[in-house]
Every structure is written in structure tokens, then in C-alpha cells.
Amino acid sequence: MLLLLVVHLVAALIAPALVRLWGRKAFWALAAAPASAAVWALSWTGRVQDGHGPVQSVRWIPALGLELTFRLDTLSWLMTLVVGGVGALVLVYCAGYFSVAAQGLGRFGGVFLAFAGAMLGLVTSDDMILLFVFWELTTVTSYLLIGHYTDRKASRRAAMQAIVITTAGGLAMLVGVVLLGEAAGTYRLSEVVAHPPGGAATTVAIGCLLAGAATKSALIPFHFWLPAAMAAPTPVSAYLHAAAMVKAGVYLVARFAPAFAQHELWRWTVVVLGCGTLLLGGYRALRQHDLKLVLAFGTVSQLGLITLLVGLGTQATALAGLAMLGAHAMFKATLFLVVGVVDAATGTRDLRRLSGVGRELPLTALAGALGTASMIGLPPFAGYVAKEAGLEGIEHLEQGALGVVVLVSVAIGSVLTVAYGLRLWWGAFATKSAVVPESALVADAVATQQDGAVSPGTTSQAATQPDAEPAAISRPSLLLVWPAMVLAVLGLAVALLPHLGEDLLAPYAETFSVGEPGHLALWAGLTPTFVLTLGILAAGAALFVVRERVERWQVAAYRGPEADRVYRRFMRRLDDVAADVTGTTQRGSLPLYLGLVLLVFVIGTAWALLAGTRWPDRVTAFDKPAQVAFGAAAIVSAILATRARRRLKAVILLGIGGYAVAGLFLLHGAPDLALTQVLVETVTLVVFVLAMRRLPPYFSDRPLAASRWVRLAVALAVGLTVAGIALAVPGARVHAPVTEHFAEEAVTWGGGKNIVNVTLVDIRAWDTMGEISVLLVAATGVASLVFLSRRGGAIFRAQDASDDRAVWGGPDPMAPLRRGVDQVRLDAVSTDREWLRAGHTLAPQRRSVVFEVVVRLLFHTMIVYSAFLLFSGHNAPGGGFAAGLVTGIALIVRYLAGGRYELGEAAPVQPGALLGTGLFLSAGVGLVAMMLGGTVLESRIIDLHVPVIGDVHLVTSLFFDVGVYLVVIGLVLDILRSLGAELDRRAESGEDEPFGDAERPDAGLAELGSTEPPARSTADGGAP
């Protein structure tokens, strides 16, 4: 089973390439994937019938007890045949349905196969969590398929409506799955059904599961999304809305019915939803003029019937429900495909404009007739056999008045099915004496809309206009006809072997403990059920004969609140409320947002700490006096930072606090953390300073004495809360820490003595992989926000520097002289003898000889030191992260000393290349380990003796560390190029100003002739 899912996944991935290569013919090859699922299910038929179907289980997340468990029993066998068989035929149909010039066929094929694979996984899953995962995958892929025509508003709206409703139901279903799994003590689906739990939690779970089924199978009050989804291409309607997606909800009901059908909530919910949907869908189908909408509302009606049959909980109705499920997949997919042929041949689906189609397209009309006969329950078709069994089972329900209500509802719903079924075939293929002109149809469409369907309006006068002409008819390819014909003939063939169908489906019915076994038969004698069937057929035919009178009555009758309109108004009000809430809470103040988050954290956590926390008996304030000094420095810097008005002042104070924390790390015996903290703090300071060059120097132009005290109070509250957590958490531990064996594992498995670094590159390498991926995304995001044009290298090359403009200095007054004789002498001087290779591009007033000399002396030392940290980090303080930061700081000082052109000379490589290479190298190390027979990211220890050098102890995680090293360098370089070099270039060219006059803190004083910053009170902490 897992292999079949892989086949679908691979087919979905290669589908776009195949379509580009072969065009529409690629759908023939793609049809092999769902066809293989149907063939596989057929190969297991005998063993499934005997109760020995295959079971496959693969460990997924062992720590959480999650497994990829699949099981094939009678119900999943039938659904696999439906999903695979109908899916294969629909894909073949696609090869003739879409035009050669159709756009997006590759994407359509890929998404279609992804949906088929998700449905296959859904119906074979034996784990409830896994079932939910596939459930949501069908939701997402169906959204993409319904919205295939992205340029059409109706398609986009229908797709959004479908995903909103089905996702809401999926979330409710997830709640039910979790409640049920916890109540049962297992998430294994077969075990839960075999031994269902009880209690209030189970009752809530039943309600949630039925809510999910109702949304997926378009049961009332969520029925309206299915007719609107007819905006999708016809193959999508034939598969998703007749055979696959909408059957997921029915499958969910059928799967849990053996366990909960006798529950009071289950019984009443199934009866109300099933009967209501059956009647409402049939009634609405009677007054639709679009052939697809007739089928759509008919599908809604029959989904209600199938849900009712499989959910009533007796053996007879369960057998009839499964028979109806299979029959419905065949005849409804047939009719959707037939409507697609009619649409392709005539250019319209409006039955008022169709006439003589059956005479011109006899094979299509025959397929439609076979499908219609099965749908309305004429013998000898599968629909008749299933409906007879259903009526027989309902007639013998021992539930008093409830049984009578169900029987009457099913009988009336069947009458409506006969009426709209005959109307469908007549409207599509009959030769009519008069048709409605297209102008009248457009007027009707503009007049009224409801549930995505055009209101019938008044057409009696238009129908008699002499200029009304039927739609022109062309002959489509037979490739469009034979998939529908195959399904129609199958509906006849399976009905001729009712006992075989009964034997195949009986194992599922036997899982119910209530009622007598049911039977499938073409002729069971002159029974009350057969008499009722004759009455249903006669009443339905009579209703069809007076269709015009019924239609006029429906138009005049009160229709009640339209579900689609209620939904749209609700969503509009929801948008309004969301906008009001956003406008009230999102005021554009980052301090306010952060303050609210921190206050919620303090209130929620402090309440838990004070309510029942076990505090330690003894607390040691400090071990060394130096800890007090570093702690005091951190506290004082934090307090002063909250009161600072200048941005630079606040950044420096935060840096002091960070360095103080590094000192505490060092005193606690964590040199790795201390080193990393110092390096990160240094880089962060530089990044802040670079960014602040384009920001006003002051936080605000208004007094902030009161707000600063509020911020100080919030900061103190958060600090005390975190301190309380630090005190309480160690005492709350009930299990041994995961790091208990890290010291031993670092040496044994990681081949190193530096526990911190071995943890990063070996023991917890997956975490590091995620972190460097986040770093890559962050670097890309920062650069994308800053670079407004192409990210080339021109702004970093010294040879591109203008002779008239120097870095950080504006126009160069020495430019005329440098263009003269002295320029020849300067060009003759080798740049290798300069302190900085691009130093000549700096404005003279911006150069510092001392700084340049220091940088020249320290740069290479820092590079060598970073290499030392990289290679020694496995056994001593260091590692790829710290080494990368040291190299990054070396690049920073080169940039600060010589500007953006010096940065280009120091690192003539694009940051993206370093980021990508580093991530690729780290991931590649993990893949190599797997290829060598180990697990992903498993380290290998290699001990070699190299002449002259001696013994070499090499661990493959070193290469992972090199990848981290490159990612960190790429991150720092990308930030320097974006927040540094690019902003420099803009400032030099005058493209933008750091801040407008309105934002300057001294803007209001400029008119008074003062350029001093605003006066500050003594509460502000002194002069800025």
C-alpha cells in the first residue's frame, strides 16, 4: 500500500514534465497510477472477502507512538476500486476533453494524481491521525482542482468556499479524533471500532466526527459548496464530486458506524442530515437548467441517501449503503462525463438551448440513458438493486415512528430522483419543439442567482419566440464517449450478478450487530418493497410530465434563506469584525504589541507559578563575587536601556548586558556559550548600528518619562517570571534529563570531547539543520527588503568607483588632481602594498590610518583563528558557528575601515553562493551517511596515520560543521551587503534620505534657529 502511494507521488511530480513532453497524450500514461491501485485491490479480492486483507505498518514517529499503518478490508477495498478505477477512466477522458492549447495541464495532472493518492491513503489508513493527514491533503488538492481556472472569478470563489467549509469540518474532525483516541487509549482505527469507548468525551467526539463528514460530503447545512464547485472542469466534477472527495465523508460515517450507530446522538444526527439532504437536494435539482447543476444537486441528494443507509446501523441498510456507494460512483461519474461531451459538442449546458443532441450523438445519448436508468432505479441496473435493498432494509427498521419517517423521506426523495433524472436526459438529448433564445438566458442569468445556480426566471414567453434556435452541434472525439460508456455498462453488468456483489460486501455488513442480514437481488418477488418501487417510478414520471407546472410553482413558492447567501453574508460580517478588531488592536506600535505579548506571558505563567509550584528548599545567590559584578552590570544596563531615548545609547546598553551574560556563562564553566555570546553580541551591535544610519537618532519626539517607567515595570515582571521558572522547573522534573548521557555519547558516537559542539553537529544535528535553514531564509529576507533592484556585484567592485565621488565622503575635491599626472603614479602603485586594497576609494576626511593599520594586522590573524576554532571545535571551545562569526567580524572590520568597495575586495563572492553551499554541504553529509548504510546525519569516525603528520582523528561531522561555518559567513556577508553596502550606495547617490524632516527630533526647533536636540527633564537620565 505504501508503494502505491509512492507511485502516485512520483506520478504527480513528473506529470508536468510528461505533459510538456507528450501533450494531452500524457494523461494515458498518468492513468496507470490510479489503475494500478484498482488492479491491486482486485488482486486481493478473495483474501479480503475471507477477512485476511493485507496490513502494513511502518514506524513514523516512534517517540509519539505514530505509525504509517494501512489496512485493506471490505470497505477500503470498495473505496480503492472506486478511487482507482474511476480515476483512471477520468484521466483517459482528460486526454480528449482539454484542448491542445489549454494552459496549466501539467499542473492539473500533477494535482489530480496527488488528490488520487491522498484519497487512496485516506481510505486505507488504519491510524486516525494518518487518516486526518490524508483528509486534509484531499482538502488542499481539491481546492487547487476546483480553482483550476484561475482567471475566472467563479472558480476562485468556489475553491475558496470549498476549502473554508471543508477545513472547518476537518478541524472539528481532528478534535473528535483526539478525544476518541485518548478515550480508547489507542489511535488504531480498527481497534477503536472493535472496542469503542464510552463517556462524555466519546459523545463529543461523535459530534465532531459527524461535523467533519457533513462538510466533506456536502450534507445540510453545508450542501451549497458542492453546486458552486461545478465551476471546476468537468473531469474534476466527475471524480471529486461523484466518486472520490464527497465520498470521504460517507466513508467516515461508514467506518465508525459499526461502533457508534446505536448511540443516540449518532442516530438522530444521521437521520436528520441524511433525510434533510436527500429531500433538499432533490427538490433543488428539479428547477436547475444547467445540466451540471442538475447533477450537482442530485449528488447532494444521493449523498444524503447513502449517508443515511450506511449510518442507520443495521446489517441490511449497511449492505444497501455500500451497494449504493458503488452504484452511485458509476452512474454519477458516467453522467458528468456525458454532460462534458454535450458541452464540448454544443458549447452550452443549458437544457433550454439543447435540442436534437440525442439524434446527432447516439452513443453519448445511450451512455447517458444507461447512467440515468441506474440513477433513477430502473431494473436491471446497479442503482435499482441497491435502492431495492435499501428500501427493504428501512422497511424492517425496528425503530417505531423514526423508521416511518425515514421510509417516507426515502420514498419522496426517490420520487424526486426519478423526476430530475428524466428531466436531465430529456433536457440533454431530446428533440424539443421550441428552445429559449440566448438573449433570454442572459437576462435570466442577470436577474437572479442562488446557490451558484441561475434562477429559472420566467421563460414561457421566450420559449415561443420564433427566432429561438437550438445550439449548434459538432461531433466530439470518441475518446470522450467511451470512458462514460465503460462506467455505464459496468453499472449494468454488476447488477446482473447481485449475489456476487452481496458476497463481496457482506463482510462489512456483518460487522453490525443489529438487524437481519440484507440481500441484493434483481427480483425478490412481489413484495411491498417492489410495489413501493413501482409507485415511486410512476410518481416520478408524473412529476416529470408536469415539470413546467412544477417549475412555475417552485419559482413562486417561498424559498427560505439561501444557504449560499447566508454563508457569504456571514463571511462578509466576519471580515468586517476582523477588520474592526485589527484596527483596534493593531495600532502600528511595536512596543505595544511586544508589551501585550509579554503581559499575557507574565499573567499566564505567574498564575501557574503562584498557584501550586513547589519551590526549592535552598537557593544559592552566587558562587563567586564576580558573578555579582556581571549580574549587576546586566541589570543596570537593562534598566538604563529602558530609559534611553537615543537609539545608539539603547543599543550600546543592550550590548553591555549581552557581554555581562557572556561573563556569567564563562564563570559557570561554559566557554563555548560565552564565546558564542560575545561573537553574536558583537555582530548584533554592528547590524544595529548599520540599520540605525537610516533611522532617526531618537526613539520619539515627545517626552517618554511615563512610558519608560511602564516599560521598566513590564521588563521587571518578565524578568522575575523567568527567574521563577528557572527556580521551579528543576524541581518539577520527573524524568531523567535527555542530556544525562550526552557526555558519554559525545565521545562514543560523536568522536569528540566538546559536548556542546558534538551535540550541535551530531546528537542534535537535525535541530542545527533547521536552524541554519532559518538563517538562510532570514538572510534572504533581509536582503530582499533592502535590495530594490537586481543583486549584482557592481556596488562592491573598486574598479567601478566613480572618480568624482568617494565612499562615505560625497564629491572628492582631489578628483581633478587624481585625474592628472598624480593619477598615473597612483595607478602604478601596486594595491598589494596598500594597507587596504580599496582604500583609495575612501574620502580623505573619512580615513583613519590607525584603524587601517590595525585592520591590516588583525584581519589575517582573525581568519587563521576562525580556522583554528573550526577544526578544534570538536574537542575544544569553538565550532563552525563560532568560527563563522569570527570570520564575519573580520569582514566587518574590513568594511568599517574601507567601505563597501573594501568589502568587495575582502570577499569577492556572492553571499547566496556561501549560504547555498553551506546548506548543501550539511545536508549532503547526512545523505552520504545514509548511503553508507547508516542513518541520516550519522557521524563516522575515521582514524588514520599520515606520514610526517602522525595520527589523524577525523569525524565526518566536521564537514557538517564546515557547512554551518559557510552559512554563518554567508549570513554576515549578506547583511553587510544589504544593510551596509547597498544603503551606502543609496546615500552616496542621493536616492533617498535617512529620514524625513517630519521625523527629525530637531525639526520643530530648526525654525527657532536651534540645532540642539530637544531639552530633557532630569527624569530622562541626563543629556543624551
# chains A, B, ... in the order shown; residues from 1 in each chain; ligands from 1
$ residues_around --residues "Lys216 in chain A" --least-positions-apart "6" --cutoff "6 Å" --atoms "only C-alpha atoms" --output "list in words"
Thr166, Val246 and Gly249 of chain A
$ residues_around --residues "range 709-716 of chain A" --least-positions-apart "6" --cutoff "12 Å" --atoms "only C-alpha atoms" --output "list in words"
Pro591, Leu592, Leu594, Gly595, Leu596, Val597, Leu598, Leu599, Val600, Phe601, Val602, Ile603, Ile635, Val636, Ser637, Ala638, Ile639, Leu640, Ala641, Thr642, Arg643, Ala644, Val722, Ala723, Ala1019 and Asp1020 of chain A
$ write_last_selection --atoms "C-alpha atoms" --output "PDB file, in the first residue's frame"
ATOM      1  CA  PRO A 591       6.305  48.319  21.783  1.00  0.00           C
ATOM      2  CA  LEU A 592       2.562  47.904  22.365  1.00  0.00           C
ATOM      3  CA  LEU A 594       5.505  43.264  22.423  1.00  0.00           C
ATOM      4  CA  GLY A 595       4.190  44.580  25.715  1.00  0.00           C
ATOM      5  CA  LEU A 596       0.858  42.774  25.294  1.00  0.00           C
ATOM      6  CA  VAL A 597       2.624  39.519  24.428  1.00  0.00           C
ATOM      7  CA  LEU A 598       4.861  39.809  27.480  1.00  0.00           C
ATOM      8  CA  LEU A 599       1.965  40.722  29.780  1.00  0.00           C
ATOM      9  CA  VAL A 600      -0.008  37.682  28.665  1.00  0.00           C
ATOM     10  CA  PHE A 601       3.074  35.571  29.275  1.00  0.00           C
ATOM     11  CA  VAL A 602       3.555  37.046  32.741  1.00  0.00           C
ATOM     12  CA  ILE A 603      -0.071  36.701  33.778  1.00  0.00           C
ATOM     13  CA  ILE A 635      20.685  44.596  35.459  1.00  0.00           C
ATOM     14  CA  VAL A 636      21.918  48.189  35.356  1.00  0.00           C
ATOM     15  CA  SER A 637      22.353  48.140  31.579  1.00  0.00           C
ATOM     16  CA  ALA A 638      18.856  46.749  31.127  1.00  0.00           C
ATOM     17  CA  ILE A 639      17.317  49.432  33.351  1.00  0.00           C
ATOM     18  CA  LEU A 640      19.197  52.204  31.575  1.00  0.00           C
ATOM     19  CA  ALA A 641      18.215  50.774  28.181  1.00  0.00           C
ATOM     20  CA  THR A 642      14.524  51.064  29.043  1.00  0.00           C
ATOM     21  CA  ARG A 643      15.021  54.735  29.890  1.00  0.00           C
ATOM     22  CA  ALA A 644      17.200  55.675  26.912  1.00  0.00           C
ATOM     23  CA  VAL A 722      11.596  33.922  34.011  1.00  0.00           C
ATOM     24  CA  ALA A 723      13.622  33.735  37.206  1.00  0.00           C
ATOM     25  CA  ALA A1019      13.878  62.191  34.873  1.00  0.00           C
ATOM     26  CA  ASP A1020      15.281  61.391  31.443  1.00  0.00           C
TER      27      ASP A1020
END
$ closest_residue --among "A:Phe108, A:Phe381, A:Phe331, A:Trp268" --to "Leu497 in chain A" --atoms "only C-alpha atoms"
A:Phe381
$ residues_around --residues "Leu226 in chain A" --least-positions-apart "4" --cutoff "9 Å" --atoms "only C-alpha atoms" --output "list in words"
Ala158, Ala162, Ser217, Ala218, Phe222, Met230, His241, Val246, Ala296, Phe297, Thr299 and Val300 of chain A
$ atom_distance --atom1 "CA of Gln56 in chain A" --atom2 "CA of Met930 in chain A"
23.6 Å
$ select_by_dssp --residues "range 837-1000 of chain A" --states "strand (DSSP E)" --output "ChimeraX atom specification"
/A:941-946,950-955
$ write_last_selection --atoms "C-alpha atoms" --output "tab-separated table (two decimals), in the first residue's frame"
chain	number	residue	atom	x	y	z
A	941	ILE	CA	34.88	8.17	12.93
A	942	ILE	CA	37.98	7.67	10.82
A	943	ASP	CA	41.44	7.20	12.40
A	944	LEU	CA	44.39	7.42	10.02
A	945	HIS	CA	48.15	7.53	10.28
A	946	VAL	CA	49.62	10.09	7.92
A	950	GLY	CA	51.14	11.45	12.51
A	951	ASP	CA	47.82	10.09	13.74
A	952	VAL	CA	44.74	11.84	12.38
A	953	HIS	CA	41.39	11.56	14.12
A	954	LEU	CA	38.69	12.57	11.63
A	955	VAL	CA	34.94	12.66	12.25
$ residues_around --residues "Val619 in chain A" --least-positions-apart "2" --cutoff "12 Å" --atoms "only C-alpha atoms" --output "list in words"
Trp615, Pro616, Asp617, Ala621, Phe622, Asp623, Ala723, Gly724, Ala726, Leu727, Ala728 and Gly731 of chain A
$ closest_residue --among "A:Tyr659, A:Val718, A:Ala843, A:Phe630" --to "Gly604 in chain A" --atoms "only C-alpha atoms"
A:Val718
$ atom_distance --atom1 "CA of Ile220 in chain A" --atom2 "CA of Ala329 in chain A"
20.7 Å
$ select_by_dssp --residues "range 497-741 of chain A" --states "helix (DSSP H, G or I)" --output "PyMOL selection string"
chain A and resi 498-509+528-545+547-556+563-585+590-612+625-643+647-667+671-692+705-732+738-741
$ atom_distance --atom1 "CA of Ala320 in chain A" --atom2 "CA of Gly281 in chain A"
20.4 Å
$ closest_residue --among "A:Pro507, A:Gly655, A:Gly340, A:Pro470" --to "Ala316 in chain A" --atoms "only C-alpha atoms"
A:Pro507
$ residues_around --residues "range 29-32 of chain A" --least-positions-apart "4" --cutoff "7 Å" --atoms "only C-alpha atoms" --output "PyMOL selection string"
chain A and resi 11+36+88+91-92
